[in-house]
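Engineer: Below is the file final-v5.txt, with compact mmCIF, C-alpha atoms.
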# COMPACT_ATOMS: atom_id res chain seq x y z
CA MET W 589 -15.74 -16.44 -52.68
CA ILE W 590 -13.46 -17.17 -49.73
CA PHE W 591 -10.68 -19.78 -49.77
CA THR W 592 -8.33 -20.88 -47.01
CA TYR W 593 -4.97 -22.41 -47.87
CA CYS W 594 -2.91 -24.08 -45.17
CA TYR W 595 0.89 -24.03 -45.45
CA ARG W 596 3.57 -25.46 -43.22
CA ILE W 597 5.97 -22.94 -41.69
CA LYS W 598 9.46 -23.53 -40.28
CA PRO W 599 10.08 -21.16 -37.35
CA SER W 600 13.35 -21.04 -35.45
CA PRO W 601 13.55 -22.30 -31.84
CA GLU W 602 13.42 -18.69 -30.59
CA GLN W 603 10.30 -17.99 -32.63
CA ILE W 604 8.68 -21.20 -31.39
CA ALA W 605 9.28 -20.10 -27.81
CA ILE W 606 7.69 -16.70 -28.54
CA MET W 607 4.61 -18.22 -30.18
CA GLU W 608 4.12 -20.76 -27.41
CA ARG W 609 4.32 -17.94 -24.85
CA TRP W 610 1.71 -16.02 -26.82
CA LEU W 611 -0.64 -19.01 -26.77
CA GLU W 612 -0.26 -19.38 -23.01
CA LEU W 613 -0.93 -15.68 -22.33
CA LEU W 614 -3.92 -15.65 -24.67
CA ARG W 615 -5.28 -18.76 -22.93
CA ARG W 616 -5.06 -17.06 -19.53
CA HIS W 617 -6.76 -13.96 -20.90
CA TRP W 618 -9.54 -16.12 -22.40
CA ASN W 619 -10.15 -17.79 -19.04
CA TYR W 620 -10.17 -14.46 -17.17
CA ALA W 621 -12.58 -12.86 -19.66
CA LEU W 622 -14.86 -15.91 -19.58
CA GLY W 623 -14.83 -15.85 -15.76
CA GLN W 624 -15.90 -12.21 -15.84
CA ARG W 625 -18.86 -13.01 -18.08
CA LEU W 626 -19.99 -16.01 -16.02
CA ASP W 627 -19.71 -14.04 -12.76
CA TRP W 628 -21.81 -11.22 -14.23
CA LEU W 629 -24.37 -13.77 -15.41
CA ARG W 630 -24.65 -15.46 -12.00
CA ARG W 631 -25.11 -12.14 -10.20
CA THR W 632 -27.73 -10.76 -12.57
CA ARG W 633 -29.74 -13.83 -13.57
CA CYS W 634 -32.55 -13.20 -11.05
CA PRO W 635 -33.86 -10.36 -8.78
CA ILE W 636 -31.92 -9.94 -5.54
CA ASP W 637 -34.99 -10.64 -3.39
CA ARG W 638 -35.71 -13.95 -5.13
CA CYS W 639 -32.29 -15.58 -5.51
CA SER W 640 -31.01 -18.45 -3.41
CA VAL W 641 -28.61 -17.40 -0.64
CA SER W 642 -26.86 -20.79 -0.72
CA TYR W 643 -26.42 -21.08 -4.49
CA GLU W 644 -26.26 -17.51 -5.83
CA PRO W 645 -23.58 -14.90 -4.99
CA ILE W 646 -24.86 -11.86 -3.10
CA GLY W 647 -23.21 -8.49 -3.35
CA GLU W 648 -22.79 -5.49 -5.55
CA ILE W 649 -24.26 -6.03 -9.01
CA PRO W 650 -21.44 -5.63 -11.54
CA GLU W 651 -21.69 -3.53 -14.66
CA LEU W 652 -22.52 -5.09 -18.00
CA VAL W 653 -19.67 -7.21 -19.38
CA ASN W 654 -19.40 -7.55 -23.16
CA TYR W 655 -16.77 -7.43 -25.89
CA TYR W 656 -16.47 -3.64 -25.83
CA THR W 657 -15.90 -3.37 -22.09
CA GLN W 658 -13.35 -6.18 -22.15
CA GLN W 659 -11.56 -4.70 -25.13
CA ALA W 660 -11.38 -1.34 -23.35
CA ALA W 661 -9.85 -3.13 -20.35
CA LEU W 662 -6.91 -4.37 -22.46
CA LYS W 663 -5.04 -1.17 -21.68
CA GLU W 664 -5.31 -1.85 -17.94
CA THR W 665 -4.30 -5.48 -18.50
CA LYS W 666 -1.09 -4.40 -20.22
CA ARG W 667 -0.35 -1.96 -17.40
CA LEU W 668 -0.74 -4.64 -14.71
CA PHE W 669 0.94 -7.40 -16.74
CA PRO W 670 3.64 -5.88 -19.00
CA GLU W 671 4.24 -9.21 -20.79
CA TYR W 672 0.98 -8.68 -22.68
CA LYS W 673 2.59 -5.68 -24.39
CA LYS W 674 4.72 -8.12 -26.40
CA ILE W 675 1.63 -9.61 -28.08
CA TYR W 676 0.35 -7.93 -31.23
CA ALA W 677 -2.64 -5.77 -30.24
CA GLU W 678 -5.06 -7.00 -32.93
CA THR W 679 -4.29 -10.61 -32.00
CA GLN W 680 -5.53 -9.95 -28.45
CA GLN W 681 -8.67 -8.30 -29.81
CA VAL W 682 -9.42 -11.28 -32.06
CA ASN W 683 -9.02 -13.56 -29.02
CA LEU W 684 -11.82 -11.62 -27.31
CA GLN W 685 -13.90 -11.68 -30.51
CA ARG W 686 -13.69 -15.46 -30.55
CA LEU W 687 -14.94 -15.58 -26.97
CA ASN W 688 -17.74 -13.15 -27.77
CA LYS W 689 -18.82 -15.28 -30.73
CA ALA W 690 -18.89 -18.44 -28.60
CA TRP W 691 -20.82 -16.58 -25.88
CA ASP W 692 -23.44 -15.33 -28.31
CA LYS W 693 -23.94 -18.82 -29.74
CA TRP W 694 -24.66 -20.04 -26.22
CA ARG W 695 -26.88 -17.19 -25.07
CA LYS W 696 -28.75 -16.37 -28.29
CA PRO W 697 -30.65 -19.08 -30.22
CA ASP W 698 -30.37 -19.22 -33.99
CA ALA W 699 -33.23 -19.09 -36.49
CA SER W 700 -34.22 -22.69 -35.69
CA GLY W 701 -34.20 -22.05 -31.93
CA LYS W 702 -31.03 -24.05 -31.22
CA ARG W 703 -28.14 -22.84 -29.11
CA GLY W 704 -24.53 -23.88 -28.80
CA GLY W 705 -22.81 -25.20 -25.72
CA ARG W 706 -21.41 -23.02 -22.93
CA PRO W 707 -17.88 -21.72 -23.58
CA ARG W 708 -15.32 -23.63 -21.54
CA PHE W 709 -12.24 -22.69 -19.63
CA LYS W 710 -9.15 -23.85 -21.48
CA LYS W 711 -6.50 -26.00 -19.85
CA SER W 712 -2.82 -25.59 -20.52
CA GLY W 713 -2.11 -26.37 -24.16
CA GLU W 714 -5.74 -26.31 -25.30
CA LEU W 715 -5.46 -22.96 -27.09
CA ARG W 716 -3.52 -23.79 -30.23
CA SER W 717 -3.96 -20.85 -32.61
CA PHE W 718 -3.85 -17.07 -32.81
CA VAL W 719 -4.90 -14.73 -35.60
CA PHE W 720 -3.52 -11.76 -37.49
CA PRO W 721 -6.69 -10.20 -38.96
CA ARG W 722 -4.93 -8.30 -41.77
CA VAL W 723 -2.38 -9.50 -44.32
CA ASN W 724 -0.22 -7.56 -46.80
CA SER W 725 -1.83 -4.19 -46.08
CA SER W 726 -0.18 -1.00 -44.84
CA LYS W 727 -1.02 -1.60 -41.15
CA ALA W 728 -1.11 -5.39 -41.25
CA GLY W 729 0.67 -7.55 -38.71
CA ALA W 730 1.37 -10.31 -41.25
CA HIS W 731 3.03 -10.09 -44.66
CA LEU W 732 3.44 -13.04 -47.03
CA VAL W 733 5.89 -12.32 -49.88
CA ASP W 734 7.87 -14.83 -51.95
CA GLY W 735 7.44 -17.70 -49.53
CA ILE W 736 8.42 -15.68 -46.45
CA LEU W 737 5.84 -14.93 -43.75
CA LYS W 738 6.76 -11.88 -41.71
CA LEU W 739 4.81 -11.64 -38.44
CA SER W 740 4.86 -8.56 -36.25
CA ARG W 741 6.99 -9.04 -33.09
CA ILE W 742 7.87 -12.60 -34.14
CA GLY W 743 9.99 -12.19 -37.25
CA SER W 744 10.34 -13.73 -40.72
CA ILE W 745 9.43 -17.41 -41.08
CA PRO W 746 9.98 -19.59 -44.19
CA VAL W 747 6.78 -21.05 -45.65
CA VAL W 748 6.55 -24.34 -47.56
CA MET W 749 4.49 -23.17 -50.56
CA HIS W 750 3.35 -26.59 -51.77
CA ARG W 751 0.87 -24.86 -54.08
CA PRO W 752 0.80 -21.28 -55.35
CA LEU W 753 -1.69 -18.72 -54.16
CA PRO W 754 -4.51 -18.22 -56.71
CA LYS W 755 -4.35 -15.07 -58.77
CA GLY W 756 -6.97 -12.37 -58.32
CA PHE W 757 -7.58 -13.09 -54.63
CA THR W 758 -6.96 -10.63 -51.80
CA LEU W 759 -5.28 -12.01 -48.69
CA LYS W 760 -7.52 -11.25 -45.70
CA GLN W 761 -6.37 -13.13 -42.60
CA CYS W 762 -3.52 -15.27 -41.29
CA THR W 763 -4.07 -17.87 -38.56
CA VAL W 764 -1.00 -19.48 -37.00
CA VAL W 765 -1.82 -22.99 -35.79
CA LYS W 766 0.18 -25.41 -33.67
CA LYS W 767 -0.41 -29.05 -34.61
CA ALA W 768 1.13 -32.28 -33.40
CA ASP W 769 3.69 -32.37 -36.21
CA GLY W 770 4.63 -28.69 -36.33
CA TRP W 771 3.41 -25.16 -37.04
CA TYR W 772 1.14 -24.07 -39.87
CA CYS W 773 -0.29 -20.83 -41.22
CA CYS W 774 -3.82 -20.74 -42.65
CA ILE W 775 -4.16 -17.94 -45.19
CA SER W 776 -7.74 -16.80 -45.86
CA MET W 777 -8.26 -15.05 -49.18
CA LYS W 778 -11.26 -13.49 -50.84
CA ASP W 779 -12.39 -12.88 -54.40
CA ASP W 780 -15.41 -10.74 -55.21
CA THR W 781 -16.47 -13.01 -58.06
CA VAL W 782 -19.18 -15.55 -57.30
CA PRO W 783 -19.36 -18.81 -59.32
CA GLU W 784 -22.50 -19.08 -61.41
CA ILE W 785 -24.70 -22.00 -60.42
CA LEU W 786 -25.64 -24.26 -63.31
CA PRO W 787 -29.24 -23.56 -64.44
CA VAL W 788 -31.69 -26.37 -63.84
CA GLU W 789 -32.54 -26.64 -67.53
CA SER W 790 -28.84 -27.20 -68.33
CA ILE W 791 -28.50 -30.28 -66.11
CA LYS W 792 -27.42 -33.23 -68.26
CA SER W 793 -26.52 -35.80 -65.60
CA ALA W 794 -27.79 -36.39 -62.08
CA VAL W 795 -27.18 -38.93 -59.36
CA GLY W 796 -28.53 -39.89 -55.96
CA ILE W 797 -26.11 -41.10 -53.31
CA ASP W 798 -26.91 -43.22 -50.28
CA VAL W 799 -24.24 -43.18 -47.58
CA GLY W 800 -23.86 -46.17 -45.32
CA LEU W 801 -21.58 -48.31 -43.18
CA ASP W 802 -21.46 -51.46 -45.34
CA LYS W 803 -20.37 -49.29 -48.29
CA PHE W 804 -19.33 -45.69 -47.91
CA LEU W 805 -21.82 -44.62 -50.58
CA THR W 806 -23.86 -46.17 -53.35
CA THR W 807 -25.01 -44.19 -56.38
CA SER W 808 -28.24 -44.49 -58.31
CA ASP W 809 -26.17 -45.78 -61.26
CA GLY W 810 -25.22 -48.89 -59.31
CA GLU W 811 -21.68 -47.81 -58.42
CA ALA W 812 -20.35 -48.04 -54.89
CA VAL W 813 -17.31 -46.75 -53.00
CA PRO W 814 -15.95 -49.15 -50.36
CA ILE W 815 -15.68 -47.77 -46.86
CA PRO W 816 -12.05 -47.35 -45.76
CA GLN W 817 -12.57 -47.61 -41.95
CA PHE W 818 -9.42 -45.70 -41.10
CA TYR W 819 -10.09 -45.64 -37.36
CA ARG W 820 -11.11 -49.31 -37.15
CA LYS W 821 -7.93 -50.42 -38.88
CA ALA W 822 -5.74 -48.25 -36.65
CA GLN W 823 -7.39 -49.19 -33.36
CA GLY W 824 -4.66 -51.64 -32.42
CA LYS W 825 -1.80 -49.16 -32.71
CA LEU W 826 -3.86 -46.43 -31.08
CA ALA W 827 -4.68 -48.70 -28.13
CA GLN W 828 -1.03 -49.63 -27.77
CA ALA W 829 0.08 -45.99 -27.80
CA GLN W 830 -2.61 -44.96 -25.33
CA LYS W 831 -1.67 -47.86 -23.05
CA VAL W 832 1.93 -46.66 -22.99
CA MET W 833 0.78 -43.12 -22.18
CA SER W 834 -1.47 -44.30 -19.35
CA ARG W 835 1.48 -46.02 -17.64
CA ARG W 836 3.62 -42.90 -17.59
CA VAL W 837 3.63 -40.41 -14.73
CA LYS W 838 1.27 -37.64 -15.80
CA GLY W 839 3.16 -34.45 -16.56
CA SER W 840 6.57 -36.12 -16.93
CA LYS W 841 8.71 -35.91 -20.05
CA ASN W 842 8.01 -39.53 -20.96
CA TRP W 843 4.28 -38.91 -20.58
CA LYS W 844 4.51 -35.91 -22.93
CA LYS W 845 6.39 -38.01 -25.50
CA ALA W 846 3.77 -40.75 -25.35
CA LYS W 847 0.97 -38.17 -25.59
CA HIS W 848 2.64 -36.63 -28.63
CA LYS W 849 2.74 -40.03 -30.34
CA VAL W 850 -1.00 -40.51 -29.76
CA ALA W 851 -1.66 -37.04 -31.18
CA LEU W 852 0.39 -37.86 -34.29
CA LEU W 853 -1.66 -41.02 -34.89
CA HIS W 854 -4.95 -39.12 -34.61
CA LEU W 855 -3.66 -36.36 -36.89
CA HIS W 856 -2.66 -38.92 -39.52
CA LEU W 857 -6.10 -40.55 -39.39
CA THR W 858 -7.78 -37.17 -39.79
CA ARG W 859 -5.71 -36.33 -42.85
CA CYS W 860 -6.33 -39.73 -44.47
CA ARG W 861 -10.07 -39.37 -43.96
CA LYS W 862 -10.08 -35.81 -45.31
CA GLU W 863 -8.12 -36.82 -48.43
CA PHE W 864 -10.54 -39.70 -49.04
CA HIS W 865 -13.54 -37.37 -48.76
CA TYR W 866 -12.05 -34.97 -51.31
CA GLN W 867 -11.32 -37.82 -53.73
CA VAL W 868 -14.93 -39.04 -53.58
CA ALA W 869 -16.30 -35.49 -53.87
CA HIS W 870 -14.20 -34.70 -56.95
CA TRP W 871 -15.11 -38.06 -58.51
CA LEU W 872 -18.83 -37.26 -58.16
CA CYS W 873 -18.48 -33.67 -59.38
CA ASN W 874 -16.51 -34.80 -62.44
CA LYS W 875 -19.36 -37.09 -63.54
CA TYR W 876 -22.58 -35.33 -62.52
CA ASP W 877 -24.21 -31.90 -62.64
CA LEU W 878 -26.77 -32.61 -59.89
CA ILE W 879 -26.02 -34.65 -56.76
CA ALA W 880 -28.86 -35.54 -54.39
CA HIS W 881 -28.30 -36.86 -50.88
CA GLU W 882 -30.31 -37.46 -47.72
CA ASN W 883 -30.67 -34.79 -45.06
CA LEU W 884 -29.60 -37.09 -42.24
CA ASN W 885 -29.79 -36.41 -38.51
CA ILE W 886 -26.19 -37.50 -37.99
CA LYS W 887 -26.05 -36.35 -34.35
CA GLY W 888 -29.02 -38.53 -33.54
CA LEU W 889 -27.60 -41.52 -35.40
CA ALA W 890 -24.29 -41.09 -33.57
CA ARG W 891 -26.06 -41.78 -30.25
CA THR W 892 -26.81 -45.37 -31.26
CA LYS W 893 -24.64 -48.49 -30.85
CA LEU W 894 -23.17 -47.76 -34.30
CA ALA W 895 -21.65 -44.50 -33.08
CA LYS W 896 -18.02 -45.55 -33.57
CA SER W 897 -18.58 -46.61 -37.18
CA ILE W 898 -20.59 -43.47 -37.94
CA HIS W 899 -17.89 -41.22 -36.54
CA ASP W 900 -15.28 -43.19 -38.48
CA ALA W 901 -17.16 -42.68 -41.76
CA ALA W 902 -17.70 -38.95 -40.95
CA TRP W 903 -20.73 -38.46 -43.20
CA GLY W 904 -21.22 -34.88 -42.05
CA ALA W 905 -17.67 -33.87 -42.96
CA PHE W 906 -18.01 -35.57 -46.34
CA LEU W 907 -21.29 -33.81 -47.19
CA GLU W 908 -19.76 -30.45 -46.25
CA THR W 909 -16.76 -31.22 -48.48
CA LEU W 910 -19.06 -32.26 -51.31
CA GLN W 911 -21.04 -29.03 -50.99
CA ALA W 912 -17.86 -26.93 -51.04
CA VAL W 913 -16.42 -28.70 -54.11
CA ALA W 914 -19.75 -28.44 -55.96
CA VAL W 915 -20.14 -24.71 -55.22
CA LYS W 916 -16.66 -23.98 -56.58
CA ARG W 917 -17.62 -25.72 -59.82
CA GLY W 918 -21.10 -24.19 -60.02
CA LEU W 919 -22.87 -27.55 -59.62
CA LEU W 920 -26.03 -28.36 -57.67
CA VAL W 921 -26.24 -30.39 -54.45
CA GLN W 922 -29.79 -31.11 -53.29
CA GLU W 923 -30.88 -32.43 -49.89
CA VAL W 924 -33.95 -34.68 -49.76
CA ASN W 925 -36.10 -36.15 -47.01
CA PRO W 926 -34.55 -39.47 -45.92
CA ARG W 927 -37.78 -41.00 -44.64
CA GLY W 928 -38.63 -44.23 -46.43
CA THR W 929 -35.84 -44.26 -49.01
CA SER W 930 -34.71 -47.76 -47.97
CA ILE W 931 -38.25 -49.16 -47.68
CA GLU W 932 -39.97 -47.85 -50.81
CA CYS W 933 -39.56 -49.70 -54.09
CA PHE W 934 -38.21 -47.36 -56.74
CA ASN W 935 -40.30 -49.06 -59.47
CA CYS W 936 -43.79 -49.43 -58.02
CA GLY W 937 -43.58 -47.46 -54.77
CA SER W 938 -44.58 -50.41 -52.56
CA ARG W 939 -43.25 -50.52 -49.02
CA VAL W 940 -40.90 -53.42 -48.40
CA GLU W 941 -40.03 -53.61 -44.73
CA LYS W 942 -36.42 -54.55 -43.97
CA THR W 943 -34.03 -54.87 -41.07
CA LEU W 944 -30.46 -53.60 -41.11
CA SER W 945 -29.24 -57.12 -41.88
CA ASP W 946 -31.34 -57.32 -45.09
CA ARG W 947 -29.00 -56.09 -47.84
CA VAL W 948 -31.16 -56.98 -50.86
CA HIS W 949 -34.38 -55.25 -51.91
CA CYS W 950 -36.92 -57.86 -53.08
CA CYS W 951 -40.29 -56.40 -54.10
CA SER W 952 -43.16 -58.91 -54.21
CA SER W 953 -45.35 -56.49 -56.19
CA CYS W 954 -43.14 -55.91 -59.25
CA ASN W 955 -40.53 -58.67 -58.73
CA VAL W 956 -37.60 -56.23 -58.77
CA LYS W 957 -34.55 -57.56 -56.94
CA ILE W 958 -31.56 -55.25 -56.48
CA ASP W 959 -29.12 -54.17 -53.80
CA ARG W 960 -30.77 -52.35 -50.91
CA ASP W 961 -28.46 -49.31 -51.11
CA TRP W 962 -28.89 -49.12 -54.87
CA ASN W 963 -32.66 -48.92 -54.41
CA SER W 964 -32.18 -46.12 -51.86
CA GLY W 965 -29.93 -44.22 -54.26
CA ILE W 966 -32.57 -44.35 -57.01
CA ASN W 967 -35.26 -43.09 -54.61
CA ILE W 968 -32.96 -40.26 -53.52
CA LEU W 969 -32.34 -39.35 -57.17
CA ASN W 970 -36.08 -39.26 -57.92
CA ARG W 971 -36.73 -37.00 -54.93
CA GLY W 972 -33.83 -34.74 -55.88
CA LEU W 973 -35.11 -34.36 -59.45
CA LEU W 974 -38.58 -33.46 -58.20
CA ALA W 975 -37.10 -30.99 -55.68
CA VAL W 976 -35.36 -28.97 -58.41
CA GLY W 977 -38.32 -29.21 -60.79
CA LEU W 978 -37.16 -31.91 -63.22
CA SER W 979 -39.05 -34.98 -64.35
CA LEU W 980 -37.59 -38.45 -63.89
CA ASN W 981 -36.28 -38.49 -67.47
CA GLY W 982 -35.13 -34.86 -67.36
CA CYS W 983 -31.45 -35.82 -67.23
CA GLY W 984 -31.34 -38.74 -69.62
CA LYS W 985 -32.72 -41.32 -67.18
CA SER W 986 -36.10 -43.01 -67.03
CA VAL W 987 -37.71 -45.55 -64.77
CA GLN W 988 -37.76 -48.09 -67.65
CA ASP W 989 -34.00 -47.76 -68.14
CA ILE W 990 -33.35 -48.26 -64.44
CA VAL W 991 -35.65 -51.30 -64.28
CA ARG W 992 -33.90 -52.82 -67.30
CA VAL W 993 -30.46 -52.35 -65.75
CA ALA W 994 -31.67 -53.63 -62.37
CA SER W 995 -33.25 -56.69 -63.94
CA ALA W 996 -30.07 -57.47 -65.87
CA SER W 997 -28.12 -57.41 -62.60
CA ALA W 998 -30.72 -59.22 -60.54
CA GLU W 999 -28.79 -62.47 -60.52
CA GLU W 1000 -25.69 -60.80 -59.11
CA GLN W 1001 -27.58 -58.72 -56.53
CA GLN W 1002 -24.49 -56.54 -56.20
CA VAL W 1003 -23.36 -53.09 -57.26
CA SER W 1004 -20.11 -52.38 -59.05
CA PHE W 1005 -17.35 -51.05 -56.82
CA VAL W 1006 -15.35 -47.98 -57.71
CA ARG W 1007 -11.71 -48.13 -56.65
CA LEU W 1008 -10.28 -44.73 -55.84
CA ARG W 1009 -6.66 -44.02 -55.09
CA SER W 1010 -6.32 -44.95 -51.43
CA PRO W 1011 -4.73 -42.30 -49.17
CA HIS W 1012 -1.33 -43.01 -47.67
CA HIS W 1013 -2.15 -44.97 -44.53
CA ASN W 1014 1.01 -46.44 -43.08
CA LEU W 1015 0.70 -46.28 -39.30
Here is a file; write its structure as structure tokens.

Structural biologist:
Amino acid sequence: MIFTYCYRIKPSPEQIAIMERWLELLRRHWNYALGQRLDWLRRTRCPIDRCSVSYEPIGEIPELVNYYTQQAALKETKRLFPEYKKIYAETQQVNLQRLNKAWDKWRKPDASGKRGGRPRFKKSGELRSFVFPRVNSSKAGAHLVDGILKLSRIGSIPVVMHRPLPKGFTLKQCTVVKKADGWYCCISMKDDTVPEILPVESIKSAVGIDVGLDKFLTTSDGEAVPIPQFYRKAQGKLAQAQKVMSRRVKGSKNWKKAKHKVALLHLHLTRCRKEFHYQVAHWLCNKYDLIAHENLNIKGLARTKLAKSIHDAAWGAFLETLQAVAVKRGLLVQEVNPRGTSIECFNCGSRVEKTLSDRVHCCSSCNVKIDRDWNSGINILNRGLLAVGLSLNGCGKSVQDIVRVASASAEEQQVSFVRLRSPHHNL
């Protein structure tokens, strides 16, 4: 199992200047190495007697450019530019490894045939982290002892240890990150033990969750979590800050101050949303052994007119957080096919066509009348139970129990809301 803990560090002004210089030099090296790869690709993408004279470069075909050739050229880079000698050697190698990983994702499709986007040249300030690949070993460039992080060629930096490192884990990697509100170190640690996944026959409670924009999620038990809409609520202050930045002379000190304020607002929104996702994930994992959810095409949904609200809810980030929390606890998270979960009646299976504005499920075949998202959650639960090999009453639930509860709440036509502790959101 691999964990990553992020701690705030407090470097001195001299150390900040050194780290910012490192980031700038690593950015230039990234751009040069990426330019080498793209130039080699343009010159070798087609035979010389079939390429376009006006669009393709003609000349000597360069040798193959990959990670190993570029790593071997580091020695020549340090000879031509002595300032690169001040950067820790393994940090420069990891910078090239990152580029190689991005290049392979673009050039080589994965198992499903999809490829990533082309690696981009980085503008000034866009590279915001560098890595020490070894920690607390004999030849490591980073050592974390008693709240002091000692980095090779940078010095000792105090660390705000807001939570202790877990016992039994081996520190593997240290990533120094520059954020809008300061510097942080991300410590990756590894433990050889693997949490045991709960056996299917031991599942005592299960739930299906339906994520949405009216409510953040609705469970098959009739509970709902209200959607916080962090971005929507902060749009006014963000617009005001961005308006101030747009009226400054680009590149001036006042422009940089205004840009920094915008970055702080976005960072605060990100942290509020992340804290909310963890609260919901822990709430679900405390109550249930099996959690079923839809396998949504979030990228496709984000191309619609609801894109802003979908990005604000961040369903994908929440489902990844839920998966991570469940794995640590040994619980099961099951994806199901989302097709028809909102249309099918959970009781009789009839198809009840609805528009997005219809928030109540009214079945004319069995006269069941419940909240639309609640009906979807029950269908998701049923599909999740069948996917893991359980019957509908395999976890203490039955269709008759659900119908009885739904009928008792038919007059209200609402689900009960769960109030979680709201993240600090003072903008």

Engineer: Just the number, please: distance in Å from atom CA of W:Leu668 to atom CA of W:Thr763, one decimal.

Structural biologist: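 Taking atom CA of W:Leu668 and atom CA of W:Thr763, their separation equals 27.5 Å.
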
Engineer: Between atom CA of W:Thr909 and atom CA of W:Val868, what is the distance in Å, rounded to a tenth?

Structural biologist: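 According to the coordinates, atom CA of W:Thr909 and atom CA of W:Val868 are separated by 9.5 Å.
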
Engineer: Work out how far atom CA of W:Ile791 is from atom CA of W:Val956, in Å to one decimal.

Structural biologist: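 Result for atom CA of W:Val956 versus atom CA of W:Ile791: 28.5 Å, one decimal.
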
Engineer: For W:Gly928, please output as a count of residues only all residues within 12 Å (counting all atoms listed in the file; exclusion window: fewer than 2 positions along the same chain).

Structural biologist: 21

Engineer: Please report as JSON lines every residue of stretch 910-934 of chain W lying within 12 Å of stretch 793-806 of chain W, along with the nearest atom pair and their distance in Å (one decimal), using only C-alpha atoms.

Structural biologist:
{"residue": "W:Leu910", "atom": "CA", "partner": "W:Ile797", "partner_atom": "CA", "distance": 11.5}
{"residue": "W:Leu919", "atom": "CA", "partner": "W:Ala794", "partner_atom": "CA", "distance": 10.4}
{"residue": "W:Leu920", "atom": "CA", "partner": "W:Ala794", "partner_atom": "CA", "distance": 9.3}
{"residue": "W:Val921", "atom": "CA", "partner": "W:Ala794", "partner_atom": "CA", "distance": 9.8}
{"residue": "W:Gln922", "atom": "CA", "partner": "W:Gly796", "partner_atom": "CA", "distance": 9.3}
{"residue": "W:Glu923", "atom": "CA", "partner": "W:Gly796", "partner_atom": "CA", "distance": 9.9}
{"residue": "W:Val924", "atom": "CA", "partner": "W:Gly796", "partner_atom": "CA", "distance": 9.7}
{"residue": "W:Pro926", "atom": "CA", "partner": "W:Asp798", "partner_atom": "CA", "distance": 9.6}
{"residue": "W:Thr929", "atom": "CA", "partner": "W:Asp798", "partner_atom": "CA", "distance": 9.1}
{"residue": "W:Ser930", "atom": "CA", "partner": "W:Asp798", "partner_atom": "CA", "distance": 9.3}

Engineer: Residues near stretch 777-785 of chain W, anyone? I mean within 10 Å using all atoms listed in the file, not counting same-chain ones fewer than 5 positions away, as a list in words.

Structural biologist: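 Answer for this query is Met589, Ile590, Phe591, Thr592, Tyr593, Val723, Leu753, Pro754, Lys755, Gly756, Phe757, Thr758, Leu759, Lys760, Gln761, Cys762, Ala914, Val915, Lys916, Arg917, Gly918, Leu919 and Leu920 of chain W.
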
Engineer: Applying 9 Å and only C-alpha atoms, which residues near stretch 700-710 of chain W remain after dropping the ones on its own chain fewer than 5 positions away? List them as a count of residues only.

Structural biologist: 15

Engineer: Pick the closest to W:Ile597 from W:Lys738, W:Arg625, W:Lys831, W:Lys825: which is it, counting only C-alpha atoms?

Structural biologist: W:Lys738

Engineer: For W:Phe718, which residue out of W:Trp771, W:Phe669, W:Trp610, W:Tyr819 is the nearest one, using all atoms listed in the file?

Structural biologist: W:Trp610

Engineer: Identify the residues around (-5.6, -25.4, -25.7) within a radius of 10 Å, measuring from only C-alpha atoms in the coordinates stated by the file, and give them as JSON, numbers by chain.

Structural biologist: {"W": [611, 612, 614, 615, 709, 710, 711, 712, 713, 714, 715, 716, 717, 766]}

Engineer: I need the residue nearest W:Gly743 from this list: W:Ser600, W:Gln624, W:Asn688, W:Asn654. Use only C-alpha atoms for the distance.

Structural biologist: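 Distance minimum relative to W:Gly743 lands on W:Ser600.
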
Engineer: Could you list, as a list in words, every residue within 12 Å of W:Gln830, counting only C-alpha atoms and ignoring same-chain residues fewer than 5 positions away?

Structural biologist: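 Within the cut-off, the hits are Gln823, Gly824, Lys825, Arg835, Arg836, Trp843, Lys844, Lys845, Ala846, Lys847, His848, Lys849, Val850, Ala851, Leu852, Leu853 and His854 of chain W.
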
Engineer: Point out the residue among W:Arg741, W:Lys727, W:Lys792, W:Arg633 with the least atom-to-atom distance to W:Asp877, counting only C-alpha atoms.

Structural biologist: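 Ranked by minimum distance to W:Asp877, first place goes to W:Lys792.
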